[in-house]
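Presented below is the structure to which this report refers.
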Amino acid sequence: MSMNKLYYGDNLEVLRAEIKDESIDLIYLDPPFNSKANYNILFKSPETGDSAHSQIEAFDDTWHWGNEAQKEYDEIVRSSHTELAELIQALRHFLKENDMMAYLVMMASRLVELHRVLKSTGSLYLHCDPTASHYLKLVLDAIFGFGNFRNEITWKRQSAHSDAKHRFPNISDNILFYAKSDSAQFHPVYIEHDPEYVKKFYRFNDNDGRGLYRLADMASPNPRPNMMYEWKGYPFPAKGWRYEKSTMLKLDNEGRIYYPKRPDGTPDTKKRLCLKRYLSEQEGSIVTNIWSDLNVLSAAATESLGYPTQKPVALLERIISASSQEMDTILDPFCGCGTAVHAAEKLNRKWIGIDITCLSISLIERRIREAFPGVQFEVHGTPKDLESARDLANRDKYQFQWWAISLIGAQPYQGKKKGADSGIDGLIFFKDDHTENYKKIIVSVKGGEHINVAMIRDLMGTIEREKAAIGIFITLTEPTAPMKQEAASAPLYKSPLFPNGIYPTIQILTIEGLLNKTQKPEYPNLYMTDLAFKRTEKETKKQDSQTELF
């Protein structure tokens, strides 16, 4: 079995460099919708009790026309995908060089690669909203072939609301389902019958332990002369019976034939025989392309991690069950908070996830390990040593900061925007008394080569201003002697409930020390729980099963 994998990086680059041709059984992608919304990851803040006040910008999902979009546009036009090249040129002529066009170009490049890595028996589900779904369907038609379109699934994600003044309320998402070829696997999905349906149709019960049943026609839908025979005094229907005599005998022996009777208990041969279909033997109602039984996650939902576009695991379980089998490989190239890989692991599939933010990869690592203790997977792209940490800091200091604070289990600072610097990069909350108050630890991250004692003094000032208990300074470069002296000169924090609980108020931790696990934050915690991130509950893996029905 190949190892499950998480990749940090641009999915286009990862797909081209790491994913082999026809190696994936199922692809689910939930890309940004180009809806001009800034999505934020929310974290619970013990200070306020209101997660809305503690958030960090995860990604800005507005795509803009620029050099990168132009480069990918040129690649498409010059490629061997002639139908896509013609379509993308026509779309540019219609849309011009705007954000929507940039979004479609960037998606088209990735969908070409996703088609390449998909097996001939594989399928792709693209989750989108009406903002761009009509354009995306054209792009998918050009890449997969319009004959391989299977469904446009409508997911009713919430109930009606009254805030729409000039249109009907928008309460659904679209999921575009395409197969790679006619040989793509598909397994119909069933859900429990609606109680009203059961009440209306399953009205009979012989009290023989087999439960409720309904009556089904035993007449042949087409003329069948060889099925025109009398059965126990009951004449055959106009077109004959549906079953041969041997089958009728088997059904009769099993008590599956309903024989109409008169009030006195004698056979009523003027009425038709019926087949008993027991509710307990039915798979349920078949799922159609309208999904209204899967609700969007509320903030209070057990599985909610606070990620703004998080989808319910049940939604991904349905997709994965329909278009894959155990040990198949599932790919999510925009894996966000990892719902697809979570569902894949739960259903005993192999999986690959890709995301462009270190923060998402850290969230997924944590989520999967908490939900499935002992699970094995590889993480690629995030720093594993000092050299790769330095490389990340040089390429993107904000991704470096988010990755660094994840090493100590801190949460990103509230409302942090690129370019802003309040002296706070992360927070840790802890309790070490019996009051309802939480203590706060300020985390500051520095990825540059030039660090000095003034930065320690700044952190001390931030601690005083924020009324925090402890400050942690994470540095990529070894601290200078004056920095260590300044940190050592700060008063110690004394914990009220821990007799030996004396902790440095200023703690300097190096990236090297955190990576080789020779360093870690020191602070008391009465409740050894993580107050930075909502924990994921442990999962029980499911086994595929099929019920044999008559």
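Chain labels A, B, ... are given in the sequence in which chains occur in the structure tokens; within each chain residues are numbered consecutively from 1, and ligands are likewise numbered from 1 in the order shown.
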Worksheet item: as number ranges by chain, which residues of segment 285-431 of chain A does DSSP assign to helix (DSSP H, G or I)?
Response: A: 313-323, 339-346, 358-371, 386-395, 397-406
Item to complete: Kindly give the distance, in Å, that separates atom CA of Asn4 of chain A and atom CA of Ile352 of chain A, rounded to a single decimal.
Response: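 So the two atoms, atom CA of Asn4 of chain A and atom CA of Ile352 of chain A, lie 5.9 Å apart.
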Worksheet item: Using only C-alpha atoms, which residue out of A:Ala322, A:Leu497, A:Leu275, A:Cys358 lies closest to Asp396 of chain A?
Response: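 Of all the options, A:Cys358 lies closest to Asp396 of chain A.
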Item to complete: Kindly give the distance, in Å, that separates atom CA of Gly423 of chain A and atom CA of Ala393 of chain A, rounded to a single decimal.
Response: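 Computing the Euclidean distance for atom CA of Gly423 of chain A and atom CA of Ala393 of chain A yields 17.4 Å.
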Discussion item. So, with only C-alpha atoms as the atoms that count, which of A:Met483, A:Gly9, A:Lys165, A:Ile451 lies closest to Pro383 of chain A?
Written reply: A:Gly9
Give me the residues within 10 Å of Asp141 of chain A as an mmCIF file with N, CA and C atoms, in the first residue's frame, counting only C-alpha atoms and dropping any in the same chain fewer than 4 places off.
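Everything below was put into result17.cif:
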data_model
loop_
_atom_site.group_PDB
_atom_site.id
_atom_site.type_symbol
_atom_site.label_atom_id
_atom_site.label_comp_id
_atom_site.auth_asym_id
_atom_site.auth_seq_id
_atom_site.Cartn_x
_atom_site.Cartn_y
_atom_site.Cartn_z
ATOM 1 N N GLU A 83 -9.556 21.791 -28.173
ATOM 2 C CA GLU A 83 -10.914 22.231 -27.830
ATOM 3 C C GLU A 83 -10.892 23.195 -26.659
ATOM 4 N N LEU A 84 -10.064 22.888 -25.666
ATOM 5 C CA LEU A 84 -9.943 23.791 -24.528
ATOM 6 C C LEU A 84 -9.324 25.113 -24.967
ATOM 7 N N LEU A 87 -11.971 27.156 -26.607
ATOM 8 C CA LEU A 87 -12.946 27.633 -25.619
ATOM 9 C C LEU A 87 -12.373 28.774 -24.787
ATOM 10 N N TYR A 135 -19.604 28.524 -16.345
ATOM 11 C CA TYR A 135 -18.346 28.587 -17.086
ATOM 12 C C TYR A 135 -17.502 27.333 -16.825
ATOM 13 N N LEU A 136 -17.465 26.891 -15.578
ATOM 14 C CA LEU A 136 -16.675 25.712 -15.240
ATOM 15 C C LEU A 136 -17.180 24.470 -15.966
ATOM 16 N N LYS A 137 -18.490 24.387 -16.162
ATOM 17 C CA LYS A 137 -19.031 23.238 -16.885
ATOM 18 C C LYS A 137 -18.537 23.229 -18.336
ATOM 19 N N GLY A 145 -14.841 15.915 -22.128
ATOM 20 C CA GLY A 145 -15.790 15.538 -23.170
ATOM 21 C C GLY A 145 -17.202 15.615 -22.624
ATOM 22 N N PHE A 146 -18.090 16.292 -23.344
ATOM 23 C CA PHE A 146 -19.440 16.503 -22.807
ATOM 24 C C PHE A 146 -20.175 15.180 -22.584
ATOM 25 N N GLY A 147 -19.753 14.125 -23.300
ATOM 26 C CA GLY A 147 -20.383 12.822 -23.118
ATOM 27 C C GLY A 147 -20.063 12.178 -21.783
ATOM 28 N N ASN A 148 -19.044 12.677 -21.099
ATOM 29 C CA ASN A 148 -18.660 12.125 -19.804
ATOM 30 C C ASN A 148 -19.238 12.926 -18.634
ATOM 31 N N PHE A 149 -20.063 13.899 -18.939
ATOM 32 C CA PHE A 149 -20.806 14.588 -17.877
ATOM 33 C C PHE A 149 -21.840 13.621 -17.314
ATOM 34 N N TYR A 178 -18.179 14.409 -13.234
ATOM 35 C CA TYR A 178 -17.719 13.924 -14.533
ATOM 36 C C TYR A 178 -16.994 12.592 -14.368
#
Discussion item. As a list of chain:residue names, please: every residue in segment 419-456 of chain A that a backbone DSSP assignment puts in strand (DSSP E or B).
Written reply: A:Gly426, A:Leu427, A:Ile428, A:Phe429, A:Phe430, A:Lys439, A:Lys440, A:Ile441, A:Ile442, A:Val443, A:Ser444, A:Val445, A:Lys446
Fill in: Residues near segment 504-515 of chain A, cut-off 9 Å, only C-alpha atoms, skip fewer than 5 positions along chain, as a PyMOL selection string
chain A and resi 383-386+389+404+407-408+456+459-460+469-479+483-484+486-494+520-523
Using the selection just defined, write its residues with N, CA and C atoms as a tab-separated table (two decimals), in the first residue's frame.
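And here's selection37.tsv as it stands now:
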chain	number	residue	atom	x	y	z
A	383	PRO	N	8.63	22.57	6.20
A	383	PRO	CA	10.03	22.40	6.64
A	383	PRO	C	10.22	21.19	7.55
A	384	LYS	N	11.32	20.49	7.31
A	384	LYS	CA	11.69	19.35	8.15
A	384	LYS	C	13.04	19.58	8.82
A	385	ASP	N	13.77	20.60	8.36
A	385	ASP	CA	15.08	20.91	8.94
A	385	ASP	C	15.29	22.41	8.83
A	386	LEU	N	16.42	22.85	9.36
A	386	LEU	CA	16.71	24.28	9.42
A	386	LEU	C	16.82	24.90	8.03
A	389	ALA	N	13.39	25.33	6.56
A	389	ALA	CA	12.69	26.40	7.29
A	389	ALA	C	13.17	27.77	6.82
A	404	ALA	N	5.57	28.23	12.00
A	404	ALA	CA	6.36	28.24	13.24
A	404	ALA	C	5.47	28.17	14.48
A	407	LEU	N	4.19	24.79	15.48
A	407	LEU	CA	5.13	23.87	16.12
A	407	LEU	C	4.92	23.82	17.63
A	408	ILE	N	4.34	24.87	18.20
A	408	ILE	CA	4.12	24.88	19.65
A	408	ILE	C	2.62	24.87	19.99
A	456	ILE	N	13.52	41.53	22.13
A	456	ILE	CA	13.11	40.96	23.42
A	456	ILE	C	12.43	42.02	24.27
A	459	LEU	N	8.98	42.53	23.05
A	459	LEU	CA	8.09	41.47	23.50
A	459	LEU	C	7.68	41.69	24.95
A	460	MET	N	8.61	42.15	25.78
A	460	MET	CA	8.29	42.45	27.19
A	460	MET	C	7.25	43.56	27.27
A	469	ALA	N	0.74	36.60	30.61
A	469	ALA	CA	1.54	35.99	31.67
A	469	ALA	C	2.95	35.67	31.21
A	470	ILE	N	3.07	35.22	29.97
A	470	ILE	CA	4.35	34.74	29.45
A	470	ILE	C	4.49	35.19	28.00
A	471	GLY	N	5.73	35.33	27.57
A	471	GLY	CA	6.02	35.63	26.17
A	471	GLY	C	6.98	34.61	25.59
A	472	ILE	N	6.72	34.14	24.37
A	472	ILE	CA	7.59	33.18	23.71
A	472	ILE	C	8.13	33.82	22.44
A	473	PHE	N	9.44	33.81	22.30
A	473	PHE	CA	10.12	34.38	21.14
A	473	PHE	C	10.69	33.22	20.32
A	474	ILE	N	10.14	32.99	19.12
A	474	ILE	CA	10.62	31.92	18.24
A	474	ILE	C	11.51	32.53	17.18
A	475	THR	N	12.71	32.01	17.04
A	475	THR	CA	13.67	32.60	16.10
A	475	THR	C	14.30	31.54	15.22
A	476	LEU	N	14.53	31.90	13.97
A	476	LEU	CA	15.21	31.02	13.02
A	476	LEU	C	16.72	31.07	13.25
A	477	THR	N	17.18	32.23	13.74
A	477	THR	CA	18.61	32.44	13.98
A	477	THR	C	18.92	32.27	15.46
A	478	GLU	N	20.09	31.79	15.77
A	478	GLU	CA	20.49	31.64	17.17
A	478	GLU	C	20.45	33.00	17.88
A	479	PRO	N	19.86	33.06	19.08
A	479	PRO	CA	19.79	34.34	19.79
A	479	PRO	C	21.18	34.80	20.25
A	483	MET	N	20.47	39.07	24.12
A	483	MET	CA	19.06	38.66	24.09
A	483	MET	C	18.78	37.67	25.21
A	484	LYS	N	19.67	36.70	25.38
A	484	LYS	CA	19.49	35.70	26.45
A	484	LYS	C	19.54	36.36	27.82
A	486	GLU	N	18.80	39.49	28.54
A	486	GLU	CA	17.60	40.30	28.73
A	486	GLU	C	16.42	39.41	29.11
A	487	ALA	N	16.29	38.26	28.47
A	487	ALA	CA	15.21	37.33	28.78
A	487	ALA	C	15.36	36.80	30.21
A	488	ALA	N	16.58	36.48	30.60
A	488	ALA	CA	16.82	35.94	31.94
A	488	ALA	C	16.56	36.97	33.03
A	489	SER	N	16.67	38.25	32.68
A	489	SER	CA	16.48	39.30	33.69
A	489	SER	C	15.00	39.59	33.97
A	490	ALA	N	14.12	39.07	33.14
A	490	ALA	CA	12.69	39.31	33.33
A	490	ALA	C	12.20	38.56	34.56
A	491	PRO	N	11.20	39.10	35.28
A	491	PRO	CA	10.66	38.41	36.46
A	491	PRO	C	10.09	37.04	36.07
A	492	LEU	N	10.13	36.09	36.98
A	492	LEU	CA	9.60	34.77	36.72
A	492	LEU	C	8.09	34.75	36.94
A	493	TYR	N	7.42	33.88	36.21
A	493	TYR	CA	5.97	33.70	36.43
A	493	TYR	C	5.78	32.58	37.45
A	494	LYS	N	5.02	32.87	38.51
A	494	LYS	CA	4.77	31.89	39.56
A	494	LYS	C	3.31	31.45	39.49
A	520	LYS	N	10.85	23.23	24.07
A	520	LYS	CA	9.39	23.35	24.02
A	520	LYS	C	8.97	24.44	25.00
A	521	PRO	N	7.78	25.00	24.83
A	521	PRO	CA	7.32	26.04	25.75
A	521	PRO	C	7.14	25.46	27.15
A	522	GLU	N	7.35	26.31	28.15
A	522	GLU	CA	7.15	25.91	29.53
A	522	GLU	C	6.06	26.79	30.14
A	523	TYR	N	4.97	26.16	30.54
A	523	TYR	CA	3.90	26.89	31.21
A	523	TYR	C	2.99	25.90	31.91
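Proximity to Asn11 of chain A was assessed for A:Gly461, A:Pro312, A:Pro333, A:Pro223 counting only C-alpha atoms; the smallest distance is recorded for A:Pro333.
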Discussion item. Need to verify the contact set: Ser362 of chain A, 9 Å, only C-alpha atoms, exclusion of same-chain residues closer than 5 positions in sequence. Can you return it as JSON, numbers by chain?
Written reply: {"A": [337, 357, 367, 402, 403, 406, 407]}
I want to know what sits within 6 Å of Ile171 of chain A, based on only C-alpha atoms, with residues of the same chain fewer than 5 positions away left out; could you give that as a PDB file with N, CA and C atoms, in the first residue's frame?
ATOM      1  N   LYS A 156     -28.536  21.335  -1.128  1.00  0.00           N
ATOM      2  CA  LYS A 156     -29.229  22.350  -0.329  1.00  0.00           C
ATOM      3  C   LYS A 156     -28.527  22.422   1.017  1.00  0.00           C
ATOM      4  N   ARG A 157     -27.713  23.453   1.194  1.00  0.00           N
ATOM      5  CA  ARG A 157     -26.848  23.500   2.366  1.00  0.00           C
ATOM      6  C   ARG A 157     -27.460  24.213   3.560  1.00  0.00           C
ATOM      7  N   GLN A 158     -28.576  24.900   3.380  1.00  0.00           N
ATOM      8  CA  GLN A 158     -29.210  25.552   4.519  1.00  0.00           C
ATOM      9  C   GLN A 158     -30.661  25.868   4.186  1.00  0.00           C
TER      10      GLN A 158
END
Practice prompt. Please provide as an MDAnalysis selection string all residues within 9 Å of Phe144 of chain A, with the sequence filter that same-chain residues fewer than 5 positions apart are discarded (counting only C-alpha atoms).
Written response: chainID A and resid 112 115 139 149 178:181
Worksheet item: For Ser360 of chain A, which residue among A:Ile320, A:Ala17, A:Cys335, A:Leu347 is the nearest when counting only C-alpha atoms?
Response: A:Cys335
Discussion item. Calculated over only C-alpha atoms, which of the candidates A:Trp65, A:Tyr243, A:Phe334, A:Phe430 has the smallest distance to Asp355 of chain A?
Written reply: A:Phe334
